[in-house]
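Following: one structure in structure tokens, then a few remarks.
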Amino acid sequence: MWRCDNRLKHGSKRCKHSPTLKEKTLHEAIMTAIGSVVEDQGEFVQAFRENVIRIIGSHSADKNPAEYDEQIEKLQKKMLDLIEESAGNQTTDADFDKEYRIIAEQMKELKKQKAKDIKECQLADAYEQRVQNMEQYIKKTSYLKREFDDELVRSLMKMIRVINENKIELHFQSGILITQWLSNEE
């Protein structure tokens, strides 16, 4: 039998409506929920992968930080040439200031875009890692028997909350939340 820990420690003053659940019923509901998540995860992982590819998946293939470096290097050379021309008094101070600001702004924008693209690539890699982790989870759990496995449940679950004598909420470590009905078999 399972009962609310607060009710056991403090009586009904803290937990007035806590049902007593049979362990077998609770275990069956937990394993049913795990099974349904495993079955649904295949479609979820595929949809997640498609969204990642659609939203940011192209960043790692299309963007190369070295291209930004080359453009920045060309602008630096252009800036050095401008400084040399100014030192030789071949340009006016106003022309120099204007051209210098334009080049500096272009370099600033390129550096900003490079940093943004690097961050997006890292994000794409992180999402890809999550997809791979989900696929491994599905492979590991797809062979599950319907028997309760305490170690597996503890590794998958963050929390199990009893709503009432007929329903529980299962909070998976991955963030998935499932409401599961309990069977009323004796």
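Residues are named by chain letter and number: chains run A, B, ... in the order of the structure tokens, numbers start at 1 in each chain, and ligands are numbered from 1 in the order shown.
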Taking 4 positions as the minimum chain separation for residues in the same chain, which residues sit within 12 Å of Gln113 in chain A when counting only C-alpha atoms? Answer as a compact mmCIF listing (two decimals) with C-alpha atoms, in the first residue's frame.
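To be explicit, this is the file written out as result_36.txt:
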# COMPACT_ATOMS: atom_id res chain seq x y z
CA LYS A 63 28.01 29.02 -42.38
CA ASN A 64 31.76 28.85 -42.07
CA PRO A 65 33.44 31.11 -39.48
CA GLU A 67 34.63 33.13 -44.33
CA TYR A 68 33.96 35.89 -41.80
CA ASP A 69 37.62 35.87 -40.80
CA GLN A 71 36.25 39.29 -44.88
CA ILE A 72 37.38 40.85 -41.60
CA GLN A 106 31.45 46.73 -41.40
CA MET A 107 34.00 44.86 -39.26
CA LYS A 108 31.76 45.19 -36.19
CA GLU A 109 28.76 43.77 -38.11
CA ASP A 117 26.27 32.01 -36.47
CA ILE A 118 28.67 30.22 -34.10
CA LYS A 119 26.01 30.33 -31.38
CA GLU A 120 23.36 28.98 -33.79
Find the distance between CA of Met1 in chain A and CA of Gln173 in chain A and write it in Å to one decimal.
->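 CA of Gln173 in chain A lies at a distance of 24.9 Å from CA of Met1 in chain A.
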Spatial neighbours of range 21-31 of chain A, 9 Å, only C-alpha atoms, chain gap at least 5 places, as an mmCIF file with N, CA, C and O atoms, in the first residue's frame:
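File selection-v3.cif, as written:
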data_model
loop_
_atom_site.group_PDB
_atom_site.id
_atom_site.type_symbol
_atom_site.label_atom_id
_atom_site.label_comp_id
_atom_site.auth_asym_id
_atom_site.auth_seq_id
_atom_site.Cartn_x
_atom_site.Cartn_y
_atom_site.Cartn_z
ATOM 1 N N MET A 1 0.836 -1.186 0.000
ATOM 2 C CA MET A 1 0.000 0.000 0.000
ATOM 3 C C MET A 1 0.880 1.248 0.000
ATOM 4 O O MET A 1 1.947 1.266 0.596
ATOM 5 N N TRP A 2 0.400 2.273 -0.675
ATOM 6 C CA TRP A 2 1.097 3.545 -0.731
ATOM 7 C C TRP A 2 0.175 4.642 -0.211
ATOM 8 O O TRP A 2 -1.012 4.659 -0.505
ATOM 9 N N ARG A 3 0.765 5.534 0.556
ATOM 10 C CA ARG A 3 0.010 6.646 1.126
ATOM 11 C C ARG A 3 0.921 7.868 1.170
ATOM 12 O O ARG A 3 2.125 7.750 1.279
ATOM 13 N N SER A 36 3.502 3.992 -22.960
ATOM 14 C CA SER A 36 2.866 4.924 -23.895
ATOM 15 C C SER A 36 3.835 6.017 -24.327
ATOM 16 O O SER A 36 3.820 6.439 -25.475
ATOM 17 N N LYS A 145 9.655 -4.966 -20.757
ATOM 18 C CA LYS A 145 8.540 -5.827 -20.400
ATOM 19 C C LYS A 145 7.585 -4.955 -19.608
ATOM 20 O O LYS A 145 7.938 -3.886 -19.158
ATOM 21 N N ARG A 146 6.401 -5.425 -19.397
ATOM 22 C CA ARG A 146 5.417 -4.640 -18.647
ATOM 23 C C ARG A 146 5.579 -4.808 -17.141
ATOM 24 O O ARG A 146 4.774 -4.349 -16.374
ATOM 25 N N GLU A 147 6.638 -5.475 -16.713
ATOM 26 C CA GLU A 147 6.884 -5.663 -15.290
ATOM 27 C C GLU A 147 7.524 -4.409 -14.713
ATOM 28 O O GLU A 147 8.334 -3.758 -15.353
ATOM 29 N N PHE A 148 7.178 -4.105 -13.471
ATOM 30 C CA PHE A 148 7.714 -2.932 -12.804
ATOM 31 C C PHE A 148 9.202 -3.117 -12.547
ATOM 32 O O PHE A 148 9.643 -4.160 -12.090
ATOM 33 N N ASP A 149 9.981 -2.083 -12.841
ATOM 34 C CA ASP A 149 11.419 -2.094 -12.614
ATOM 35 C C ASP A 149 11.768 -0.832 -11.827
ATOM 36 O O ASP A 149 11.778 0.268 -12.380
ATOM 37 N N VAL A 153 12.368 3.028 -13.222
ATOM 38 C CA VAL A 153 11.411 4.072 -12.868
ATOM 39 C C VAL A 153 12.124 5.234 -12.189
ATOM 40 O O VAL A 153 11.904 6.395 -12.515
ATOM 41 N N ILE A 160 6.250 11.471 -9.100
ATOM 42 C CA ILE A 160 4.934 10.881 -9.353
ATOM 43 C C ILE A 160 4.003 11.485 -8.319
ATOM 44 O O ILE A 160 4.263 11.412 -7.117
ATOM 45 N N GLU A 165 -7.824 8.935 -6.113
ATOM 46 C CA GLU A 165 -7.744 7.471 -6.088
ATOM 47 C C GLU A 165 -7.797 6.844 -7.477
ATOM 48 O O GLU A 165 -7.523 5.654 -7.638
ATOM 49 N N ILE A 168 -3.031 9.509 -11.467
ATOM 50 C CA ILE A 168 -1.706 9.980 -11.038
ATOM 51 C C ILE A 168 -1.093 10.824 -12.152
ATOM 52 O O ILE A 168 -1.482 10.707 -13.316
ATOM 53 N N LEU A 170 2.660 11.666 -13.816
ATOM 54 C CA LEU A 170 4.043 11.221 -13.876
ATOM 55 C C LEU A 170 4.868 12.310 -14.542
ATOM 56 O O LEU A 170 4.596 12.695 -15.679
ATOM 57 N N GLN A 180 -2.084 9.577 -15.851
ATOM 58 C CA GLN A 180 -2.396 8.163 -16.047
ATOM 59 C C GLN A 180 -3.537 7.762 -15.117
ATOM 60 O O GLN A 180 -3.510 8.054 -13.913
ATOM 61 N N TRP A 181 -4.522 7.071 -15.675
ATOM 62 C CA TRP A 181 -5.629 6.558 -14.885
ATOM 63 C C TRP A 181 -5.209 5.246 -14.239
ATOM 64 O O TRP A 181 -4.494 4.458 -14.850
ATOM 65 N N LEU A 182 -5.664 5.026 -13.048
ATOM 66 C CA LEU A 182 -5.389 3.790 -12.320
ATOM 67 C C LEU A 182 -6.505 2.801 -12.587
ATOM 68 O O LEU A 182 -7.680 3.170 -12.624
ATOM 69 N N SER A 183 -6.138 1.535 -12.715
ATOM 70 C CA SER A 183 -7.170 0.507 -12.870
ATOM 71 C C SER A 183 -7.748 0.211 -11.486
ATOM 72 O O SER A 183 -7.046 0.224 -10.485
ATOM 73 N N ASN A 184 -9.027 -0.066 -11.442
ATOM 74 C CA ASN A 184 -9.693 -0.313 -10.164
ATOM 75 C C ASN A 184 -9.872 -1.803 -9.901
ATOM 76 O O ASN A 184 -10.846 -2.214 -9.273
ATOM 77 N N GLU A 185 -8.939 -2.582 -10.395
ATOM 78 C CA GLU A 185 -9.020 -4.032 -10.191
ATOM 79 C C GLU A 185 -8.642 -4.370 -8.766
ATOM 80 O O GLU A 185 -7.735 -3.789 -8.185
ATOM 81 N N GLU A 186 -9.272 -5.311 -8.211
ATOM 82 C CA GLU A 186 -8.951 -5.755 -6.841
ATOM 83 C C GLU A 186 -7.983 -6.900 -6.872
ATOM 84 O O GLU A 186 -7.894 -7.721 -7.639
#
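Between CA of Leu80 in chain A and CA of Asp97 in chain A the separation is 13.3 Å.
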Length of the CA of Leu156 in chain A to CA of Ala126 in chain A vector [Å] | 20.7 Å
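Residues in contact with Val162 in chain A at up to 9 Å, not including ones fewer than 5 positions away on its chain and judged by only C-alpha atoms, are Cys4, Ser18, Pro19, Lys167, Ile168, Glu169 and Leu170 of chain A.
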Could you save those same residues with N, CA and C atoms as a PDB file, in the first residue's frame?
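Now in selection_9.pdb:
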ATOM      1  N   CYS A   4       0.327   9.048   1.162  1.00  0.00           N
ATOM      2  CA  CYS A   4       1.059  10.307   1.210  1.00  0.00           C
ATOM      3  C   CYS A   4       1.952  10.355   2.448  1.00  0.00           C
ATOM      4  N   SER A  18      -5.970  12.248   0.929  1.00  0.00           N
ATOM      5  CA  SER A  18      -4.974  11.342   0.364  1.00  0.00           C
ATOM      6  C   SER A  18      -5.521   9.920   0.306  1.00  0.00           C
ATOM      7  N   PRO A  19      -5.592   9.357  -0.900  1.00  0.00           N
ATOM      8  CA  PRO A  19      -6.052   7.973  -0.992  1.00  0.00           C
ATOM      9  C   PRO A  19      -4.931   6.996  -0.660  1.00  0.00           C
ATOM     10  N   LYS A 167      -6.330   8.592 -10.383  1.00  0.00           N
ATOM     11  CA  LYS A 167      -5.452   9.257 -11.345  1.00  0.00           C
ATOM     12  C   LYS A 167      -4.136   9.671 -10.689  1.00  0.00           C
ATOM     13  N   ILE A 168      -3.031   9.509 -11.467  1.00  0.00           N
ATOM     14  CA  ILE A 168      -1.706   9.980 -11.038  1.00  0.00           C
ATOM     15  C   ILE A 168      -1.093  10.824 -12.152  1.00  0.00           C
ATOM     16  N   GLU A 169      -0.136  11.670 -11.782  1.00  0.00           N
ATOM     17  CA  GLU A 169       0.656  12.440 -12.743  1.00  0.00           C
ATOM     18  C   GLU A 169       2.078  11.950 -12.668  1.00  0.00           C
ATOM     19  N   LEU A 170       2.660  11.666 -13.816  1.00  0.00           N
ATOM     20  CA  LEU A 170       4.043  11.221 -13.876  1.00  0.00           C
ATOM     21  C   LEU A 170       4.868  12.310 -14.542  1.00  0.00           C
TER      22      LEU A 170
END
May I have all residues of range 77-165 of chain A that DSSP, computed from the backbone, assigns to strand (DSSP E or B), given as a ChimeraX atom specification?
-> /A:157-164
Which one of A:Ile34, A:Met79, A:Asp95, A:Glu84 sits closest to Arg154 in chain A if you count only C-alpha atoms?
->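 Among A:Ile34, A:Met79, A:Asp95, A:Glu84, it is A:Ile34 that comes nearest to Arg154 in chain A.
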